[in-house]
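**Q** Below is the structure I would like to discuss, written out as structure tokens.
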Amino acid sequence: MTNQKKSRAQFATKFGVVAAAAGSAIGLGNIWKFPYITGVYGGAAFLFVYLGFIAMIGLPVMLSEFVIGRKSRKNAFGAFKKLAPKSLWRYIGVFGVGAAFLILSFYGVVAGWSIRYIFFAFSDVFHSGADEINGFFEAFKTSPVKPVLFQLIFMFLTGLIVIIGVQKGIERYSKILMPLLFVIIIVLDIRAVTLHGAREGLSFLFKPDFSKLNYEAILSALGHAFFSLSLGMGTLITYGSYIQKENNLVKTAVKVTVADTLIAVLAGIAIFPAVFAFNIAPDAGPGLIFKTLPNVFQHMPGGAFFSVLFFILLTIAALTSAISILEVVVAYFSEELKMNRHVATIFATVLTSLLGIICSLSLGIFSEYTFFGFNIFNFIDHISANIMLPLGGMFIALFIGWVLGKYKIFKEIAHGGSLSGTFLSVFMFLVKFLAPIAIFLVFMKGIKLLDIITDLIAKVF
Ligand code: PHE
């Protein structure tokens, strides 16, 4: 994905496209964040809303990003500049670059935890009870030095891979490693569902109680659909710009979406039975998998081995996602601001690492600093995932629905195969109306703006 100086890089094979886009999508979002927010927002009802958003909004927005990217062959900013010259649309690209900065900062912190846990399998705590494991995580997370160190190691690796331009090499390996991650999660699933008390966990995940849902939960489900599929900030515009014309965009989008969703649900099946079996609070927050999984590993044959392998693969999954986030920033700096690519990468990595240090410390010594009731880590997560990505996605859908024109979209999508008229009509309906209106309403309700406005109207009249 590097060397875009003369002729822009392209993915060599169809599988390469799916692997790279899936590599971006599948990451901490599926395995760390999905179970933890599902736990916070009460389980199955949240999952069902999330799945609805994936199908009705995520998938069409993903296809939109691919269309914008492949048609323009540019980064997120340049793409809008080329497709709608002299318009304000290009600023969606800048907005995306901002979101990338914020996301990468806390992403690196959690990826650092994952690196730390690769070594955890060898320690004594790993062979103790749920309370000790819980205590270990809490002490680690709040420490001012260790988590920062591991976060910096992760950020260094991310920057290094982008600088030496071996993303493609990484993708080649991830074609083997991601299916392996999938297999390990299935093994974990089998162990988890056979634990004593597993049933309670499964019904938490699959038996919806819609009375538990509030607008904050719905907004988070929407935000997470964008976060998990890497949408709303131009990642898949950038990746789409490297896709060959022969590739079928619809099939690619469907494959990536299905793989991403499957991994998240399978991660949920590994976590929740264990949460209940080991008496862990389902709403334990960002530490959920780190408090739960060591218990499961302990209770399976070859647990230490599986545990090491799992956290190595989780770190690699996080790396392929982090690379794609950094790529948005670097492509913008180097292609639009004409910065040298290496300088751009170092600059972006250092800046996000600094913000990441603050995120990490906000779970310990800086925990008293809060914004709207969130600590800095959660605040940055909330602003970027629940606000910036859905807004970005809304504008991307509007751009495809109202600006680019049906004929151009048809031509771009149909390149890699045939396209039925019905499909196109449904797609156009989704991006023109359903997705933007739904995002707008959920967004207004979720951040309580709609309530404030209706309150105001009620007062005036
Ligand atoms: N989708 C990635 C994950 O699930 C995170 C990500 C978000 C990547 C936004 C790119 C853009 O871990």
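The chains in the structure tokens are called A, B, ... from first to last as shown; in each chain the residues are counted from 1, and the ligands are counted from 1 in the order shown.
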Could I get the residue neighbourhood of ligand 1 at 9 Å, counting only C-alpha atoms and all ligand atoms, as a PyMOL selection string?
**A** chain A and resi 22-34+99-100+103-104+107+224-236+260+264+317-318+320-326+328+385+389
**Q** Okay, now the selection with N, CA and C atoms, as a compact mmCIF listing (two decimals), in the first residue's frame?
**A**
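So selection_11.txt came out as:
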```txt
# COMPACT_ATOMS: atom_id res chain seq x y z
N ALA A 22 -10.44 -6.70 5.57
CA ALA A 22 -10.82 -7.45 6.77
C ALA A 22 -9.77 -7.24 7.86
N GLY A 23 -8.52 -7.13 7.45
CA GLY A 23 -7.45 -6.88 8.42
C GLY A 23 -7.69 -5.56 9.14
N SER A 24 -8.18 -4.58 8.40
CA SER A 24 -8.50 -3.30 9.02
C SER A 24 -9.71 -3.43 9.93
N ALA A 25 -10.73 -4.13 9.45
CA ALA A 25 -11.99 -4.21 10.21
C ALA A 25 -11.83 -5.06 11.46
N ILE A 26 -11.19 -6.23 11.30
CA ILE A 26 -11.09 -7.14 12.44
C ILE A 26 -9.94 -6.72 13.32
N GLY A 27 -10.26 -6.41 14.56
CA GLY A 27 -9.21 -5.95 15.46
C GLY A 27 -9.75 -5.91 16.87
N LEU A 28 -9.25 -4.94 17.63
CA LEU A 28 -9.68 -4.84 19.02
C LEU A 28 -11.18 -4.55 19.11
N GLY A 29 -11.71 -3.93 18.06
CA GLY A 29 -13.14 -3.61 18.05
C GLY A 29 -13.99 -4.86 18.24
N ASN A 30 -13.59 -5.95 17.62
CA ASN A 30 -14.39 -7.17 17.69
C ASN A 30 -14.20 -7.91 19.00
N ILE A 31 -12.94 -7.98 19.42
CA ILE A 31 -12.63 -8.91 20.51
C ILE A 31 -12.58 -8.20 21.87
N TRP A 32 -12.12 -6.98 21.87
CA TRP A 32 -12.07 -6.23 23.13
C TRP A 32 -13.32 -5.38 23.31
N LYS A 33 -13.65 -4.56 22.28
CA LYS A 33 -14.68 -3.56 22.52
C LYS A 33 -16.10 -4.11 22.44
N PHE A 34 -16.34 -4.97 21.46
CA PHE A 34 -17.70 -5.46 21.30
C PHE A 34 -18.21 -6.15 22.58
N ALA A 99 -10.49 12.08 13.23
CA ALA A 99 -11.00 10.89 13.92
C ALA A 99 -9.91 9.84 14.03
N ALA A 100 -9.11 9.71 12.96
CA ALA A 100 -8.04 8.71 12.96
C ALA A 100 -7.04 8.99 14.09
N ILE A 103 -8.73 8.02 17.43
CA ILE A 103 -8.93 6.58 17.62
C ILE A 103 -7.60 5.88 17.89
N LEU A 104 -6.60 6.25 17.11
CA LEU A 104 -5.32 5.57 17.27
C LEU A 104 -4.73 5.77 18.67
N TYR A 107 -6.51 3.33 20.94
CA TYR A 107 -6.33 1.99 20.38
C TYR A 107 -4.96 1.43 20.77
N HIS A 224 -20.50 1.78 17.24
CA HIS A 224 -19.65 0.59 17.16
C HIS A 224 -19.75 -0.09 15.80
N ALA A 225 -20.90 0.00 15.15
CA ALA A 225 -21.01 -0.57 13.80
C ALA A 225 -19.98 0.11 12.90
N PHE A 226 -19.85 1.43 13.03
CA PHE A 226 -18.86 2.16 12.24
C PHE A 226 -17.44 1.80 12.66
N PHE A 227 -17.22 1.79 13.96
CA PHE A 227 -15.88 1.51 14.48
C PHE A 227 -15.41 0.13 14.03
N SER A 228 -16.29 -0.86 14.21
CA SER A 228 -15.88 -2.23 13.95
C SER A 228 -15.62 -2.47 12.46
N LEU A 229 -16.42 -1.83 11.62
CA LEU A 229 -16.23 -2.03 10.17
C LEU A 229 -15.21 -1.05 9.58
N SER A 230 -14.57 -0.26 10.41
CA SER A 230 -13.59 0.76 9.97
C SER A 230 -14.22 1.79 9.04
N LEU A 231 -15.43 2.25 9.37
CA LEU A 231 -16.13 3.17 8.48
C LEU A 231 -16.20 4.58 9.03
N GLY A 232 -16.47 5.52 8.14
CA GLY A 232 -16.82 6.87 8.57
C GLY A 232 -15.64 7.82 8.64
N MET A 233 -14.43 7.34 8.40
CA MET A 233 -13.30 8.28 8.46
C MET A 233 -12.36 8.11 7.28
N GLY A 234 -12.79 7.35 6.28
CA GLY A 234 -12.00 7.32 5.06
C GLY A 234 -11.02 6.17 4.95
N THR A 235 -10.97 5.28 5.95
CA THR A 235 -10.06 4.13 5.84
C THR A 235 -10.38 3.33 4.60
N LEU A 236 -11.65 3.04 4.41
CA LEU A 236 -12.00 2.18 3.28
C LEU A 236 -12.12 2.97 1.98
N ASP A 260 -16.31 -9.80 9.83
CA ASP A 260 -16.15 -8.93 10.99
C ASP A 260 -17.21 -9.22 12.05
N ALA A 264 -16.93 -10.95 15.97
CA ALA A 264 -17.43 -10.26 17.17
C ALA A 264 -18.39 -11.17 17.94
N ALA A 317 -3.81 -8.67 15.06
CA ALA A 317 -5.08 -8.15 14.54
C ALA A 317 -5.17 -6.65 14.81
N ALA A 318 -4.70 -6.24 16.01
CA ALA A 318 -4.70 -4.82 16.35
C ALA A 318 -3.73 -4.06 15.44
N THR A 320 -2.83 -4.77 12.27
CA THR A 320 -3.34 -4.56 10.90
C THR A 320 -4.43 -3.50 10.89
N SER A 321 -5.14 -3.33 12.02
CA SER A 321 -6.13 -2.25 12.10
C SER A 321 -5.43 -0.91 12.30
N ALA A 322 -4.45 -0.89 13.22
CA ALA A 322 -3.77 0.36 13.53
C ALA A 322 -3.05 0.91 12.29
N ILE A 323 -2.48 0.00 11.48
CA ILE A 323 -1.82 0.43 10.25
C ILE A 323 -2.82 1.16 9.36
N SER A 324 -4.02 0.61 9.27
CA SER A 324 -5.02 1.22 8.39
C SER A 324 -5.48 2.58 8.92
N ILE A 325 -5.45 2.75 10.23
CA ILE A 325 -5.84 4.05 10.80
C ILE A 325 -4.73 5.07 10.50
N LEU A 326 -3.48 4.63 10.75
CA LEU A 326 -2.35 5.52 10.51
C LEU A 326 -2.26 5.89 9.02
N VAL A 328 -4.54 6.51 6.93
CA VAL A 328 -5.43 7.64 6.59
C VAL A 328 -4.70 8.95 6.80
N ALA A 385 -15.70 7.48 18.20
CA ALA A 385 -16.50 6.37 17.68
C ALA A 385 -17.99 6.71 17.59
N LEU A 389 -17.41 9.21 13.77
CA LEU A 389 -17.60 8.20 12.72
C LEU A 389 -19.03 8.19 12.16
```
**Q** Can you list, as a ChimeraX atom specification, every protein, DNA or RNA residue that comes within 10 Å of Ile269 in chain A when you count only C-alpha atoms, leaving out same-chain residues fewer than 2 positions away?
**A** /A:35,185-186,188-190,192-193,198,201-202,205-206,263-267,271-274
**Q** Just write the chosen residues, all heavy atoms, as a short mmCIF file (atom, residue, chain, number, x, y, z; two decimals), in the first residue's frame.
**A**
```cif
data_model
loop_
_atom_site.label_atom_id
_atom_site.label_comp_id
_atom_site.auth_asym_id
_atom_site.auth_seq_id
_atom_site.Cartn_x
_atom_site.Cartn_y
_atom_site.Cartn_z
N PRO A 35 -17.45 -7.13 23.15
CA PRO A 35 -17.97 -7.76 24.37
C PRO A 35 -18.14 -6.75 25.50
O PRO A 35 -19.12 -6.79 26.24
CB PRO A 35 -16.90 -8.79 24.72
CG PRO A 35 -16.18 -9.05 23.46
CD PRO A 35 -16.21 -7.77 22.70
N ILE A 185 -10.57 -18.71 18.63
CA ILE A 185 -11.80 -18.21 19.26
C ILE A 185 -12.83 -19.34 19.32
O ILE A 185 -13.54 -19.48 20.31
CB ILE A 185 -12.34 -16.98 18.51
CG1 ILE A 185 -11.32 -15.84 18.63
CG2 ILE A 185 -13.66 -16.53 19.11
CD1 ILE A 185 -11.70 -14.60 17.88
N ILE A 186 -12.88 -20.16 18.28
CA ILE A 186 -13.83 -21.28 18.30
C ILE A 186 -13.47 -22.25 19.44
O ILE A 186 -14.34 -22.72 20.17
CB ILE A 186 -13.81 -22.05 16.95
CG1 ILE A 186 -14.14 -21.10 15.81
CG2 ILE A 186 -14.71 -23.29 17.01
CD1 ILE A 186 -15.49 -21.21 15.22
N LEU A 188 -11.96 -21.47 22.19
CA LEU A 188 -12.39 -20.77 23.41
C LEU A 188 -13.89 -20.89 23.60
O LEU A 188 -14.39 -21.07 24.71
CB LEU A 188 -12.02 -19.29 23.32
CG LEU A 188 -10.62 -18.90 23.76
CD1 LEU A 188 -10.36 -17.44 23.39
CD2 LEU A 188 -10.50 -19.06 25.26
N ASP A 189 -14.63 -20.77 22.48
CA ASP A 189 -16.08 -20.86 22.54
C ASP A 189 -16.50 -22.22 23.11
O ASP A 189 -17.37 -22.30 23.96
CB ASP A 189 -16.69 -20.72 21.14
CG ASP A 189 -16.71 -19.27 20.67
OD1 ASP A 189 -16.50 -18.39 21.52
OD2 ASP A 189 -16.93 -19.04 19.48
N ILE A 190 -15.84 -23.26 22.59
CA ILE A 190 -16.22 -24.62 23.03
C ILE A 190 -15.97 -24.76 24.53
O ILE A 190 -16.81 -25.25 25.26
CB ILE A 190 -15.41 -25.67 22.24
CG1 ILE A 190 -15.81 -25.59 20.76
CG2 ILE A 190 -15.65 -27.07 22.79
CD1 ILE A 190 -14.95 -26.41 19.82
N ALA A 192 -15.81 -22.29 26.71
CA ALA A 192 -16.68 -21.38 27.46
C ALA A 192 -18.11 -21.93 27.59
O ALA A 192 -18.69 -21.90 28.67
CB ALA A 192 -16.70 -20.00 26.79
N VAL A 193 -18.66 -22.46 26.50
CA VAL A 193 -20.06 -22.89 26.60
C VAL A 193 -20.22 -24.19 27.39
O VAL A 193 -21.33 -24.56 27.76
CB VAL A 193 -20.76 -23.05 25.22
CG1 VAL A 193 -20.82 -21.74 24.49
CG2 VAL A 193 -20.08 -24.12 24.38
N ALA A 198 -22.70 -21.71 32.12
CA ALA A 198 -22.55 -21.03 30.83
C ALA A 198 -23.89 -20.52 30.28
O ALA A 198 -23.96 -19.51 29.60
CB ALA A 198 -21.92 -21.97 29.81
N GLY A 201 -24.84 -16.96 30.66
CA GLY A 201 -24.08 -16.06 29.78
C GLY A 201 -24.66 -16.04 28.39
O GLY A 201 -24.76 -14.98 27.76
N LEU A 202 -25.05 -17.22 27.91
CA LEU A 202 -25.59 -17.27 26.56
C LEU A 202 -26.93 -16.55 26.47
O LEU A 202 -27.23 -15.88 25.49
CB LEU A 202 -25.75 -18.73 26.10
CG LEU A 202 -24.41 -19.43 25.82
CD1 LEU A 202 -24.63 -20.89 25.47
CD2 LEU A 202 -23.65 -18.73 24.69
N LEU A 205 -26.43 -12.93 26.23
CA LEU A 205 -26.00 -12.48 24.91
C LEU A 205 -27.08 -12.61 23.85
O LEU A 205 -27.14 -11.84 22.90
CB LEU A 205 -24.75 -13.28 24.49
CG LEU A 205 -24.06 -12.88 23.19
CD1 LEU A 205 -23.56 -11.44 23.25
CD2 LEU A 205 -22.87 -13.80 22.92
N PHE A 206 -27.96 -13.59 23.99
CA PHE A 206 -28.90 -13.86 22.90
C PHE A 206 -30.38 -13.66 23.21
O PHE A 206 -31.20 -13.66 22.30
CB PHE A 206 -28.69 -15.27 22.35
CG PHE A 206 -27.37 -15.43 21.64
CD1 PHE A 206 -26.39 -16.30 22.12
CD2 PHE A 206 -27.08 -14.67 20.51
CE1 PHE A 206 -25.17 -16.42 21.47
CE2 PHE A 206 -25.86 -14.79 19.86
CZ PHE A 206 -24.91 -15.66 20.34
N ILE A 263 -16.76 -12.70 13.81
CA ILE A 263 -15.70 -12.72 14.83
C ILE A 263 -16.19 -12.06 16.11
O ILE A 263 -15.95 -12.54 17.22
CB ILE A 263 -14.43 -12.01 14.34
CG1 ILE A 263 -13.82 -12.75 13.15
CG2 ILE A 263 -13.41 -11.87 15.46
CD1 ILE A 263 -12.57 -13.54 13.41
N ALA A 264 -16.93 -10.95 15.97
CA ALA A 264 -17.43 -10.26 17.17
C ALA A 264 -18.39 -11.17 17.94
O ALA A 264 -18.26 -11.31 19.17
CB ALA A 264 -18.13 -8.96 16.77
N VAL A 265 -19.33 -11.79 17.23
CA VAL A 265 -20.30 -12.63 17.92
C VAL A 265 -19.60 -13.83 18.57
O VAL A 265 -19.88 -14.18 19.73
CB VAL A 265 -21.43 -13.09 16.95
CG1 VAL A 265 -22.35 -14.08 17.63
CG2 VAL A 265 -22.22 -11.87 16.47
N LEU A 266 -18.64 -14.42 17.85
CA LEU A 266 -17.90 -15.55 18.43
C LEU A 266 -17.11 -15.11 19.67
O LEU A 266 -16.99 -15.86 20.63
CB LEU A 266 -16.96 -16.17 17.39
CG LEU A 266 -17.67 -16.95 16.26
CD1 LEU A 266 -16.66 -17.38 15.21
CD2 LEU A 266 -18.39 -18.17 16.82
N ALA A 267 -16.58 -13.89 19.62
CA ALA A 267 -15.86 -13.39 20.80
C ALA A 267 -16.84 -13.25 21.96
O ALA A 267 -16.53 -13.59 23.11
CB ALA A 267 -15.19 -12.05 20.50
N ILE A 271 -16.81 -14.94 25.74
CA ILE A 271 -16.69 -14.12 26.95
C ILE A 271 -17.85 -14.31 27.94
O ILE A 271 -17.63 -14.57 29.12
CB ILE A 271 -16.63 -12.61 26.58
CG1 ILE A 271 -15.47 -12.32 25.65
CG2 ILE A 271 -16.57 -11.75 27.84
CD1 ILE A 271 -14.13 -12.36 26.27
N PHE A 272 -19.09 -14.19 27.46
CA PHE A 272 -20.18 -14.08 28.43
C PHE A 272 -20.44 -15.33 29.28
O PHE A 272 -20.71 -15.20 30.48
CB PHE A 272 -21.44 -13.52 27.77
CG PHE A 272 -21.27 -12.06 27.50
CD1 PHE A 272 -21.06 -11.59 26.23
CD2 PHE A 272 -21.21 -11.16 28.56
CE1 PHE A 272 -20.83 -10.24 25.99
CE2 PHE A 272 -20.99 -9.82 28.35
CZ PHE A 272 -20.80 -9.35 27.05
N PRO A 273 -20.37 -16.53 28.70
CA PRO A 273 -20.53 -17.69 29.59
C PRO A 273 -19.48 -17.65 30.71
O PRO A 273 -19.79 -17.93 31.86
CB PRO A 273 -20.31 -18.87 28.65
CG PRO A 273 -20.67 -18.37 27.31
CD PRO A 273 -20.24 -16.94 27.30
N ALA A 274 -18.25 -17.25 30.34
CA ALA A 274 -17.18 -17.20 31.34
C ALA A 274 -17.44 -16.09 32.36
O ALA A 274 -17.18 -16.26 33.56
CB ALA A 274 -15.84 -17.00 30.66
#
```
**Q** Could you pull out the strand (DSSP E) residues of range 171-391 of chain A from DSSP and send them as number ranges by chain?
**A** A: 370-371, 374-375
**Q** Just N, CA, C and O atoms for this one: save the residues we selected as an mmCIF file, in the first residue's frame.
**A**
```cif
data_model
loop_
_atom_site.group_PDB
_atom_site.id
_atom_site.type_symbol
_atom_site.label_atom_id
_atom_site.label_comp_id
_atom_site.auth_asym_id
_atom_site.auth_seq_id
_atom_site.Cartn_x
_atom_site.Cartn_y
_atom_site.Cartn_z
ATOM 1 N N THR A 370 -12.214 14.698 34.339
ATOM 2 C CA THR A 370 -13.299 14.108 33.547
ATOM 3 C C THR A 370 -13.978 15.179 32.686
ATOM 4 O O THR A 370 -13.968 16.359 33.013
ATOM 5 N N PHE A 371 -14.540 14.704 31.569
ATOM 6 C CA PHE A 371 -15.323 15.578 30.693
ATOM 7 C C PHE A 371 -16.704 14.963 30.546
ATOM 8 O O PHE A 371 -16.810 13.816 30.126
ATOM 9 N N PHE A 374 -17.018 11.526 31.647
ATOM 10 C CA PHE A 374 -16.117 10.497 31.111
ATOM 11 C C PHE A 374 -14.682 10.810 31.517
ATOM 12 O O PHE A 374 -14.301 11.985 31.536
ATOM 13 N N ASN A 375 -13.880 9.769 31.783
ATOM 14 C CA ASN A 375 -12.443 10.051 31.890
ATOM 15 C C ASN A 375 -11.902 10.292 30.467
ATOM 16 O O ASN A 375 -12.630 10.088 29.493
#
```
**Q** Could you pull out the alpha helix (DSSP H) residues of range 62-121 of chain A, going by DSSP on the backbone, and write them as number ranges by chain?
**A** A: 62-72, 76-83, 90-120
**Q** Go ahead and save the picked residues with N, CA and C atoms, as a CSV table (one decimal), in the first residue's frame.
**A**
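Written out: again-v8.csv:
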```csv
chain,number,residue,atom,x,y,z
A,62,MET,N,-20.1,1.0,3.7
A,62,MET,CA,-18.9,0.4,3.2
A,62,MET,C,-18.8,0.4,1.7
A,63,LEU,N,-19.9,0.0,1.1
A,63,LEU,CA,-19.9,0.0,-0.4
A,63,LEU,C,-19.6,1.4,-0.9
A,64,SER,N,-20.2,2.4,-0.2
A,64,SER,CA,-20.1,3.8,-0.7
A,64,SER,C,-18.6,4.2,-0.6
A,65,GLU,N,-17.9,3.8,0.5
A,65,GLU,CA,-16.5,4.2,0.7
A,65,GLU,C,-15.7,3.5,-0.5
A,66,PHE,N,-16.0,2.3,-0.7
A,66,PHE,CA,-15.2,1.6,-1.8
A,66,PHE,C,-15.4,2.3,-3.2
A,67,VAL,N,-16.7,2.7,-3.4
A,67,VAL,CA,-17.0,3.4,-4.7
A,67,VAL,C,-16.2,4.7,-4.8
A,68,ILE,N,-16.3,5.5,-3.7
A,68,ILE,CA,-15.6,6.8,-3.7
A,68,ILE,C,-14.1,6.6,-3.9
A,69,GLY,N,-13.5,5.6,-3.2
A,69,GLY,CA,-12.1,5.3,-3.3
A,69,GLY,C,-11.7,4.8,-4.6
A,70,ARG,N,-12.4,3.8,-5.2
A,70,ARG,CA,-11.9,3.3,-6.4
A,70,ARG,C,-12.1,4.2,-7.6
A,71,LYS,N,-13.2,5.0,-7.5
A,71,LYS,CA,-13.5,5.9,-8.6
A,71,LYS,C,-12.5,7.0,-8.6
A,72,SER,N,-12.1,7.5,-7.5
A,72,SER,CA,-11.2,8.7,-7.5
A,72,SER,C,-9.7,8.3,-7.5
A,76,ALA,N,-8.6,10.0,1.4
A,76,ALA,CA,-10.0,10.4,1.8
A,76,ALA,C,-10.3,11.9,1.5
A,77,PHE,N,-9.3,12.7,1.5
A,77,PHE,CA,-9.5,14.2,1.3
A,77,PHE,C,-9.5,14.4,-0.3
A,78,GLY,N,-8.4,13.9,-0.9
A,78,GLY,CA,-8.3,14.0,-2.4
A,78,GLY,C,-9.5,13.4,-3.1
A,79,ALA,N,-10.1,12.4,-2.6
A,79,ALA,CA,-11.2,11.7,-3.3
A,79,ALA,C,-12.3,12.7,-3.5
A,80,PHE,N,-12.7,13.4,-2.4
A,80,PHE,CA,-13.8,14.3,-2.5
A,80,PHE,C,-13.5,15.5,-3.4
A,81,LYS,N,-12.2,15.9,-3.3
A,81,LYS,CA,-11.7,17.0,-4.0
A,81,LYS,C,-11.8,16.7,-5.5
A,82,LYS,N,-11.5,15.5,-5.9
A,82,LYS,CA,-11.5,15.1,-7.3
A,82,LYS,C,-13.0,14.9,-7.8
A,83,LEU,N,-13.8,14.2,-6.9
A,83,LEU,CA,-15.1,13.9,-7.4
A,83,LEU,C,-16.1,15.1,-7.4
A,90,ARG,N,-14.7,18.0,0.6
A,90,ARG,CA,-13.4,17.5,0.9
A,90,ARG,C,-13.1,17.6,2.4
A,91,TYR,N,-13.8,18.5,3.1
A,91,TYR,CA,-13.6,18.6,4.6
A,91,TYR,C,-14.0,17.3,5.4
A,92,ILE,N,-14.8,16.5,4.7
A,92,ILE,CA,-15.2,15.2,5.4
A,92,ILE,C,-13.9,14.4,5.5
A,93,GLY,N,-13.0,14.6,4.5
A,93,GLY,CA,-11.7,13.9,4.6
A,93,GLY,C,-10.9,14.4,5.8
A,94,VAL,N,-10.9,15.7,6.0
A,94,VAL,CA,-10.1,16.2,7.1
A,94,VAL,C,-10.7,15.8,8.4
A,95,PHE,N,-12.0,15.8,8.5
A,95,PHE,CA,-12.7,15.3,9.7
A,95,PHE,C,-12.3,13.8,10.0
A,96,GLY,N,-12.2,13.0,8.9
A,96,GLY,CA,-11.7,11.7,9.1
A,96,GLY,C,-10.3,11.6,9.6
A,97,VAL,N,-9.5,12.4,9.1
A,97,VAL,CA,-8.1,12.5,9.6
A,97,VAL,C,-8.1,12.8,11.1
A,98,GLY,N,-8.9,13.7,11.5
A,98,GLY,CA,-9.0,14.0,13.0
A,98,GLY,C,-9.5,12.8,13.8
A,99,ALA,N,-10.5,12.1,13.2
A,99,ALA,CA,-11.0,10.9,13.9
A,99,ALA,C,-9.9,9.8,14.0
A,100,ALA,N,-9.1,9.7,13.0
A,100,ALA,CA,-8.0,8.7,13.0
A,100,ALA,C,-7.0,9.0,14.1
A,101,PHE,N,-6.7,10.3,14.3
A,101,PHE,CA,-5.8,10.7,15.3
A,101,PHE,C,-6.3,10.2,16.7
A,102,LEU,N,-7.6,10.5,16.9
A,102,LEU,CA,-8.2,10.3,18.2
A,102,LEU,C,-8.3,8.7,18.5
A,103,ILE,N,-8.7,8.0,17.4
A,103,ILE,CA,-8.9,6.6,17.6
A,103,ILE,C,-7.6,5.9,17.9
A,104,LEU,N,-6.6,6.3,17.1
A,104,LEU,CA,-5.3,5.6,17.3
A,104,LEU,C,-4.7,5.8,18.7
A,105,SER,N,-5.1,6.9,19.3
A,105,SER,CA,-4.5,7.2,20.6
A,105,SER,C,-4.9,6.2,21.6
A,106,PHE,N,-6.2,5.9,21.7
A,106,PHE,CA,-6.6,4.9,22.8
A,106,PHE,C,-6.5,3.5,22.3
A,107,TYR,N,-6.5,3.3,20.9
A,107,TYR,CA,-6.3,2.0,20.4
A,107,TYR,C,-5.0,1.4,20.8
A,108,GLY,N,-4.0,2.3,20.7
A,108,GLY,CA,-2.6,1.9,21.1
A,108,GLY,C,-2.5,1.5,22.5
A,109,VAL,N,-3.3,2.1,23.4
A,109,VAL,CA,-3.2,1.7,24.8
A,109,VAL,C,-3.7,0.3,25.0
A,110,VAL,N,-4.9,0.0,24.4
A,110,VAL,CA,-5.4,-1.3,24.6
A,110,VAL,C,-4.5,-2.4,23.9
A,111,ALA,N,-4.0,-2.0,22.7
A,111,ALA,CA,-3.1,-3.0,22.1
A,111,ALA,C,-1.9,-3.2,22.9
A,112,GLY,N,-1.4,-2.2,23.7
A,112,GLY,CA,-0.3,-2.4,24.6
A,112,GLY,C,-0.7,-3.4,25.7
A,113,TRP,N,-1.9,-3.3,26.2
A,113,TRP,CA,-2.4,-4.3,27.2
A,113,TRP,C,-2.3,-5.7,26.6
A,114,SER,N,-2.7,-5.8,25.4
A,114,SER,CA,-2.6,-7.1,24.7
A,114,SER,C,-1.2,-7.7,24.7
A,115,ILE,N,-0.2,-6.8,24.4
A,115,ILE,CA,1.2,-7.2,24.4
A,115,ILE,C,1.6,-7.7,25.8
A,116,ARG,N,1.2,-6.9,26.8
A,116,ARG,CA,1.5,-7.3,28.1
A,116,ARG,C,1.0,-8.7,28.5
A,117,TYR,N,-0.2,-9.0,28.0
A,117,TYR,CA,-0.8,-10.3,28.3
A,117,TYR,C,-0.2,-11.5,27.6
A,118,ILE,N,0.6,-11.2,26.6
A,118,ILE,CA,1.3,-12.3,26.0
A,118,ILE,C,2.2,-13.0,27.0
A,119,PHE,N,2.8,-12.1,27.9
A,119,PHE,CA,3.7,-12.7,28.9
A,119,PHE,C,3.0,-13.1,30.2
A,120,PHE,N,1.8,-12.7,30.3
A,120,PHE,CA,1.0,-12.9,31.5
A,120,PHE,C,0.8,-14.4,31.8
```
**Q** Can you pull out every residue within 8 Å of Pro436 in chain A, counting only C-alpha atoms, but drop anything in the same chain fewer than 3 positions away, and send it as a ChimeraX atom specification?
**A** /A:394-395,397-398,431-433,439-440
**Q** Could you save those same residues with N, CA and C atoms as a PDB file, in the first residue's frame?
**A**
```pdb
ATOM      1  N   MET A 394     -22.547   9.521   7.728  1.00  0.00           N
ATOM      2  CA  MET A 394     -23.750  10.177   7.218  1.00  0.00           C
ATOM      3  C   MET A 394     -23.407  11.015   5.983  1.00  0.00           C
ATOM      4  N   PHE A 395     -22.313  11.738   6.064  1.00  0.00           N
ATOM      5  CA  PHE A 395     -21.940  12.574   4.916  1.00  0.00           C
ATOM      6  C   PHE A 395     -21.484  11.721   3.723  1.00  0.00           C
ATOM      7  N   ALA A 397     -22.654   8.756   2.992  1.00  0.00           N
ATOM      8  CA  ALA A 397     -23.889   8.241   2.388  1.00  0.00           C
ATOM      9  C   ALA A 397     -24.579   9.348   1.580  1.00  0.00           C
ATOM     10  N   LEU A 398     -24.631  10.551   2.150  1.00  0.00           N
ATOM     11  CA  LEU A 398     -25.279  11.666   1.443  1.00  0.00           C
ATOM     12  C   LEU A 398     -24.552  11.984   0.141  1.00  0.00           C
ATOM     13  N   VAL A 431     -28.773   4.724   0.914  1.00  0.00           N
ATOM     14  CA  VAL A 431     -27.802   5.819   1.103  1.00  0.00           C
ATOM     15  C   VAL A 431     -28.435   7.200   0.975  1.00  0.00           C
ATOM     16  N   LYS A 432     -29.526   7.271   0.229  1.00  0.00           N
ATOM     17  CA  LYS A 432     -30.166   8.591   0.084  1.00  0.00           C
ATOM     18  C   LYS A 432     -30.979   8.946   1.318  1.00  0.00           C
ATOM     19  N   PHE A 433     -31.750   7.980   1.790  1.00  0.00           N
ATOM     20  CA  PHE A 433     -32.704   8.294   2.860  1.00  0.00           C
ATOM     21  C   PHE A 433     -32.418   7.575   4.175  1.00  0.00           C
ATOM     22  N   ILE A 439     -29.068   7.819  11.020  1.00  0.00           N
ATOM     23  CA  ILE A 439     -27.878   8.290  11.744  1.00  0.00           C
ATOM     24  C   ILE A 439     -28.189   9.621  12.432  1.00  0.00           C
ATOM     25  N   PHE A 440     -28.838  10.500  11.689  1.00  0.00           N
ATOM     26  CA  PHE A 440     -29.145  11.820  12.240  1.00  0.00           C
ATOM     27  C   PHE A 440     -30.007  11.705  13.508  1.00  0.00           C
TER      28      PHE A 440
END
```
